[in-house]
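J.: Got a file for you: final_30.txt, compact mmCIF, C-alpha atoms.
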# COMPACT_ATOMS: atom_id res chain seq x y z
CA MET A 1 -1.58 149.73 -46.60
CA GLU A 2 0.73 149.83 -43.58
CA MET A 3 1.38 146.46 -42.01
CA THR A 4 2.32 145.97 -38.37
CA GLY A 5 4.53 143.03 -39.33
CA PHE A 6 4.44 139.52 -37.91
CA PRO A 7 6.82 137.97 -35.39
CA GLN A 8 9.53 135.98 -37.10
CA SER A 9 8.93 133.06 -34.74
CA PHE A 10 5.60 132.40 -36.42
CA SER A 11 5.38 130.44 -39.66
CA ILE A 12 2.61 129.83 -42.18
CA SER A 13 1.69 126.49 -43.72
CA VAL A 14 -0.57 126.28 -46.77
CA ILE A 15 -2.54 123.13 -47.57
CA VAL A 16 -3.63 122.62 -51.18
CA VAL A 17 -6.06 119.78 -51.87
CA VAL A 18 -6.16 118.40 -55.41
CA ARG A 19 -7.40 115.48 -57.47
CA ASN A 20 -6.97 115.52 -61.25
CA GLY A 21 -6.38 119.25 -61.19
CA GLU A 22 -3.93 119.65 -64.07
CA ARG A 23 -6.06 122.40 -65.61
CA PHE A 24 -5.78 124.85 -62.72
CA ILE A 25 -3.20 123.68 -60.15
CA ALA A 26 -0.34 125.79 -61.54
CA GLN A 27 -2.40 128.98 -61.22
CA ALA A 28 -3.29 128.11 -57.64
CA LEU A 29 0.33 127.51 -56.67
CA HIS A 30 1.51 130.67 -58.41
CA SER A 31 -1.03 132.68 -56.41
CA ILE A 32 0.53 131.33 -53.20
CA LEU A 33 4.10 132.02 -54.31
CA GLU A 34 3.17 135.57 -55.38
CA GLN A 35 1.89 136.58 -51.94
CA THR A 36 3.31 139.86 -50.61
CA HIS A 37 3.87 138.01 -47.32
CA PRO A 38 5.29 134.59 -48.25
CA ALA A 39 4.21 131.27 -46.78
CA ASN A 40 6.84 129.10 -45.14
CA GLU A 41 5.66 125.80 -46.58
CA ILE A 42 3.19 124.54 -49.18
CA ILE A 43 1.78 121.05 -48.79
CA VAL A 44 -0.12 119.61 -51.75
CA VAL A 45 -2.36 116.69 -50.78
CA ASP A 46 -3.03 114.66 -53.93
CA GLY A 47 -6.04 112.34 -54.06
CA GLN A 48 -4.63 109.71 -56.41
CA SER A 49 -4.66 111.89 -59.53
CA SER A 50 -4.52 110.08 -62.86
CA ASP A 51 -3.65 113.16 -64.96
CA ARG A 52 -0.53 115.39 -65.00
CA THR A 53 -1.20 116.96 -61.60
CA THR A 54 1.76 115.48 -59.73
CA ASP A 55 4.16 116.26 -62.58
CA ILE A 56 3.06 119.90 -62.59
CA VAL A 57 3.43 120.16 -58.81
CA SER A 58 6.95 118.73 -59.01
CA HIS A 59 8.06 121.80 -60.99
CA PHE A 60 7.30 124.12 -58.06
CA PRO A 61 10.39 124.18 -55.80
CA GLY A 62 9.74 123.92 -52.09
CA THR A 63 6.31 122.38 -52.54
CA ARG A 64 5.82 119.12 -50.63
CA LEU A 65 3.58 116.51 -52.29
CA VAL A 66 1.67 114.15 -49.98
CA GLU A 67 -0.20 111.20 -51.46
CA GLN A 68 -3.65 110.66 -49.98
CA PRO A 69 -4.36 106.96 -49.28
CA ASP A 70 -8.11 107.41 -48.80
CA LEU A 71 -10.24 109.75 -50.87
CA GLY A 72 -12.50 112.51 -49.65
CA LEU A 73 -12.21 116.26 -49.14
CA ALA A 74 -12.30 116.15 -45.33
CA ALA A 75 -9.73 113.35 -45.21
CA ALA A 76 -7.43 115.34 -47.51
CA ARG A 77 -7.64 118.48 -45.39
CA ASN A 78 -7.06 116.47 -42.21
CA LEU A 79 -4.04 114.72 -43.72
CA GLY A 80 -2.62 118.11 -44.56
CA LEU A 81 -3.14 119.26 -40.98
CA GLU A 82 -1.16 116.25 -39.77
CA CYS A 83 1.77 117.26 -41.97
CA ILE A 84 2.11 120.98 -41.27
CA ARG A 85 4.89 122.57 -39.25
CA GLY A 86 3.60 126.16 -39.21
CA GLU A 87 1.81 127.89 -36.35
CA LEU A 88 -0.66 129.40 -38.80
CA VAL A 89 -2.49 127.41 -41.45
CA ALA A 90 -4.27 128.38 -44.65
CA PHE A 91 -6.05 126.35 -47.34
CA LEU A 92 -6.48 126.70 -51.09
CA ASP A 93 -8.40 124.47 -53.48
CA CYS A 94 -6.59 123.58 -56.68
CA ASP A 95 -9.07 125.44 -58.89
CA ASP A 96 -9.03 128.73 -56.95
CA ARG A 97 -6.62 131.64 -56.53
CA TRP A 98 -5.70 134.05 -53.75
CA HIS A 99 -5.52 137.83 -53.86
CA PRO A 100 -1.79 138.75 -53.67
CA GLU A 101 -2.25 140.44 -50.28
CA LYS A 102 -4.40 137.69 -48.77
CA LEU A 103 -1.88 136.50 -46.21
CA ALA A 104 -0.51 139.98 -45.46
CA VAL A 105 -3.81 141.59 -44.52
CA GLN A 106 -4.93 138.59 -42.49
CA ILE A 107 -1.64 138.34 -40.60
CA ASP A 108 -1.92 142.03 -39.78
CA GLU A 109 -5.34 141.41 -38.26
CA LEU A 110 -4.10 138.46 -36.18
CA VAL A 111 -1.21 140.57 -34.87
CA LYS A 112 -3.56 143.34 -33.82
CA ARG A 113 -6.00 140.92 -32.19
CA PRO A 114 -4.38 138.06 -30.26
CA ASP A 115 -7.88 136.93 -29.19
CA LEU A 116 -8.72 135.80 -32.72
CA ASP A 117 -8.64 132.09 -33.44
CA PHE A 118 -8.83 132.72 -37.17
CA VAL A 119 -9.65 135.31 -39.79
CA THR A 120 -11.53 135.04 -43.09
CA GLY A 121 -12.39 137.45 -45.92
CA LEU A 122 -14.61 137.95 -48.92
CA VAL A 123 -14.89 135.61 -51.93
CA HIS A 124 -15.05 136.79 -55.53
CA PHE A 125 -16.80 134.25 -57.79
CA TYR A 126 -16.00 134.09 -61.49
CA GLN A 127 -16.68 131.83 -64.47
CA ALA A 128 -13.88 129.55 -65.66
CA ASP A 129 -12.60 130.55 -69.11
CA GLY A 130 -14.14 128.49 -71.90
CA ASP A 131 -16.69 126.77 -69.64
CA LEU A 132 -20.42 126.86 -70.12
CA PRO A 133 -22.43 128.39 -67.25
CA ARG A 134 -22.84 125.80 -64.52
CA THR A 135 -26.26 124.18 -64.30
CA GLY A 136 -28.22 125.42 -61.30
CA TYR A 137 -25.75 128.16 -60.44
CA HIS A 138 -27.26 131.60 -59.94
CA PRO A 139 -25.44 133.96 -62.34
CA GLY A 140 -26.06 136.89 -59.99
CA LYS A 141 -23.26 135.59 -57.73
CA LEU A 142 -20.66 135.89 -60.46
CA GLU A 143 -18.27 138.83 -60.52
CA GLN A 144 -19.37 139.91 -57.05
CA ASP A 145 -17.85 139.75 -53.59
CA HIS A 146 -19.50 137.67 -50.87
CA ALA A 147 -18.76 136.80 -47.26
CA GLY A 148 -16.85 133.55 -47.48
CA GLN A 149 -17.04 130.85 -44.84
CA THR A 150 -14.89 128.53 -46.89
CA PRO A 151 -11.38 127.25 -46.07
CA GLY A 152 -9.90 129.16 -49.02
CA THR A 153 -10.52 132.41 -47.13
CA LEU A 154 -9.15 131.09 -43.85
CA LEU A 155 -5.96 131.91 -41.98
CA ALA A 156 -6.09 130.14 -38.62
CA ARG A 157 -3.95 129.70 -35.56
CA ARG A 158 -3.37 126.00 -34.92
CA ARG A 159 -5.31 126.33 -31.68
CA ALA A 160 -8.44 126.80 -33.79
CA PHE A 161 -8.32 123.12 -34.75
CA THR A 162 -7.79 122.13 -31.13
CA LYS A 163 -10.86 124.15 -30.18
CA VAL A 164 -13.12 123.29 -33.12
CA GLY A 165 -11.70 119.93 -34.19
CA VAL A 166 -10.74 118.76 -37.67
CA PHE A 167 -12.98 118.34 -40.72
CA ASP A 168 -15.68 115.67 -40.43
CA PRO A 169 -15.20 112.92 -43.09
CA ALA A 170 -18.86 111.94 -42.67
CA PHE A 171 -19.64 114.82 -45.04
CA GLN A 172 -18.59 114.53 -48.68
CA ILE A 173 -19.24 118.18 -49.52
CA ALA A 174 -20.48 120.02 -46.44
CA CYS A 175 -17.42 119.27 -44.29
CA ASP A 176 -16.33 122.89 -44.77
CA SER A 177 -19.70 124.34 -43.79
CA ASP A 178 -19.85 121.96 -40.84
CA TRP A 179 -16.46 123.18 -39.57
CA PHE A 180 -17.56 126.81 -39.55
CA VAL A 181 -20.86 125.96 -37.85
CA ARG A 182 -18.96 124.03 -35.18
CA ALA A 183 -16.61 127.00 -34.80
CA ALA A 184 -19.58 129.24 -34.05
CA ASP A 185 -21.15 126.70 -31.70
CA CYS A 186 -17.98 126.28 -29.62
CA GLY A 187 -17.39 130.01 -29.27
CA ALA A 188 -14.37 130.39 -31.55
CA VAL A 189 -13.44 134.02 -32.16
CA TRP A 190 -12.86 135.27 -35.69
CA ALA A 191 -12.94 138.36 -37.85
CA VAL A 192 -13.81 138.98 -41.50
CA ILE A 193 -11.54 141.13 -43.66
CA PRO A 194 -13.94 143.34 -45.70
CA LYS A 195 -12.10 142.78 -48.98
CA PRO A 196 -11.81 139.86 -51.42
CA VAL A 197 -9.06 137.43 -50.46
CA LEU A 198 -10.18 134.47 -52.59
CA TYR A 199 -11.07 134.21 -56.28
CA LYS A 200 -13.31 131.17 -56.57
CA ARG A 201 -13.62 129.66 -60.03
CA ILE A 202 -17.02 128.29 -61.01
CA HIS A 203 -17.04 125.32 -63.40
CA GLN A 204 -18.95 122.12 -64.09
CA TYR A 205 -16.81 119.97 -61.80
CA ASN A 206 -17.07 121.96 -58.56
CA LEU A 207 -18.10 119.65 -55.72
CA SER A 208 -20.80 122.17 -54.86
CA ALA A 209 -22.41 121.40 -58.23
CA GLN A 210 -23.88 118.33 -56.51
CA VAL A 211 -26.72 120.47 -55.20
CA ASP A 212 -29.02 117.72 -53.92
CA LEU A 213 -26.25 116.05 -51.91
CA TYR A 214 -25.12 119.37 -50.47
CA ARG A 215 -28.65 120.25 -49.36
CA LYS A 216 -29.00 116.88 -47.66
CA GLU A 217 -25.68 117.28 -45.88
CA TRP A 218 -26.42 120.90 -44.94
CA LEU A 219 -29.63 119.80 -43.19
CA SER A 220 -27.57 117.25 -41.26
CA VAL A 221 -25.09 119.99 -40.29
CA LEU A 222 -27.96 122.07 -38.92
CA ARG A 223 -29.43 119.14 -37.01
CA HIS A 224 -26.08 118.44 -35.37
CA SER A 225 -25.80 122.12 -34.44
CA VAL A 226 -29.23 122.09 -32.80
CA LEU A 227 -28.34 118.97 -30.81
CA ARG A 228 -25.09 120.55 -29.60
CA LYS A 229 -26.96 123.64 -28.43
CA ARG A 230 -29.58 121.56 -26.66
CA GLU A 231 -26.85 119.66 -24.83
CA LYS A 232 -25.42 122.98 -23.64
CA GLY A 233 -28.87 124.26 -22.72
CA THR A 234 -28.69 127.13 -25.20
Please go through the file and, once you have read it, give me the structure as structure tokens.
T.:
Amino acid sequence: MEMTGFPQSFSISVIVVVRNGERFIAQALHSILEQTHPANEIIVVDGQSSDRTTDIVSHFPGTRLVEQPDLGLAAARNLGLECIRGELVAFLDCDDRWHPEKLAVQIDELVKRPDLDFVTGLVHFYQADGDLPRTGYHPGKLEQDHAGQTPGTLLARRRAFTKVGVFDPAFQIACDSDWFVRAADCGAVWAVIPKPVLYKRIHQYNLSAQVDLYRKEWLSVLRHSVLRKREKGT
């Protein structure tokens, strides 16, 4: 695939959120370092891990470890946003991996379309090795590609977070879904790369396994969206 290239004045920051992720964190970081278009900085936000996570991260040169004083997924992502220096930002959860060309194909799209605030791609779900099938998870989603409105697929210009705002810590799980809904409501412009950019590992400890809580929060996300539209008269 021919790439248009990306101006050297632009830099990419990657935020990795982790808590007790010793099982998978090395694979996640390797998938960032093996990108065909390299990132300029990797910031790992650690949520007070009590396992070997921080020791593993310390063996990856150039990776900056930031200790999270208050727990929560949204707070971790927001702390990472406060620390970045790059003009583009991407996210990766500690238990997921990127396709090697994830950054390259998304950068190419941003170069071709300066109007885009961010770009996403498809997600490929797969079962973690040695794990039992997750309770309540539909097996039909495994080993398939799906449109992915999740931060792991995201490559965003920093202006996207000025336009949309940061992640809402009021949501324990649905803060990601809420961000994308707010992006749509405020008129953010984005494109979807029609190829898998994220390999999302399914296991018993995914936050999304808390189905009842997610459904409750998702209904709240929708209610907030309706209220915003009413205020705008749409």
J.: At a cut-off of 8 Å, using all atoms listed in the file, what residues contact region 42-44 of chain A? Leave out same-chain residues fewer than 4 positions from it and give the result as number ranges by chain.
T.: A: 13-18, 57, 62-66, 80, 83-84
J.: Leaving out Asn40 (chain A) and any residue of its chain fewer than 5 positions from it, which residues lie within 8 Å of it when counting all atoms listed in the file, given as JSON, numbers by chain?
T.: {"A": [11, 12, 13, 86]}
J.: Between CA of Gly121 (chain A) and CA of Val189 (chain A), measure the distance and give it in Å to one decimal.
T.: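 Computing the Euclidean distance for CA of Gly121 (chain A) and CA of Val189 (chain A) yields 14.2 Å.
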J.: Write out as CSV a residue-level contact list of region 77-173 of chain A versus region 218-234 of chain A with cut-off 12 Å: for each qualifying residue the closest pair of atoms and the distance in Å to one decimal, counting only C-alpha atoms, rows sorted by chain and residue number upward.
T.:
residue,atom,partner,partner_atom,distance
A:Asp168,CA,A:Val221,CA,10.4
A:Ala170,CA,A:Ser220,CA,10.3
A:Phe171,CA,A:Val221,CA,8.9
A:Gln172,CA,A:Trp218,CA,10.8
A:Ile173,CA,A:Trp218,CA,8.9
J.: Ranking A:Pro196, A:Pro38, A:Pro169, A:Gly21 by minimum distance to Phe125 (chain A) and counting only C-alpha atoms, which one comes first?
T.: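 The answer is A:Pro196, which sits nearest to Phe125 (chain A).
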J.: I'd like the interatomic distance between CA of Lys216 (chain A) and CA of Val197 (chain A), to a tenth of an Å.
T.: 28.8 Å
J.: Write out as number ranges by chain the residues lying within 6 Å of region 25-36 of chain A, counting all atoms listed in the file and excluding same-chain residues fewer than 6 positions away.
T.: A: 94, 96-98, 100-101
J.: If I take CA of Cys175 (chain A) and CA of Thr54 (chain A), how far is one from the other in Å, to one decimal?
T.: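 A separation of 24.9 Å between them.
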J.: Restricting the calculation to all atoms listed in the file, which member of A:Ala39, A:Trp190, A:Val45, A:Val164 is positioned closest to Asn78 (chain A)?
T.: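 Under the stated criterion, the closest residue is A:Val45.
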J.: Could the centre and edge lengths of an axis-aligned box, enclosing all atoms of region 81-86 of chain A in the file with 4 Å extra on each side, be given in Å to one decimal as JSON?
T.:
{"center_x": 0.9, "center_y": 121.2, "center_z": -40.6, "size_x": 16.0, "size_y": 17.9, "size_z": 10.8}
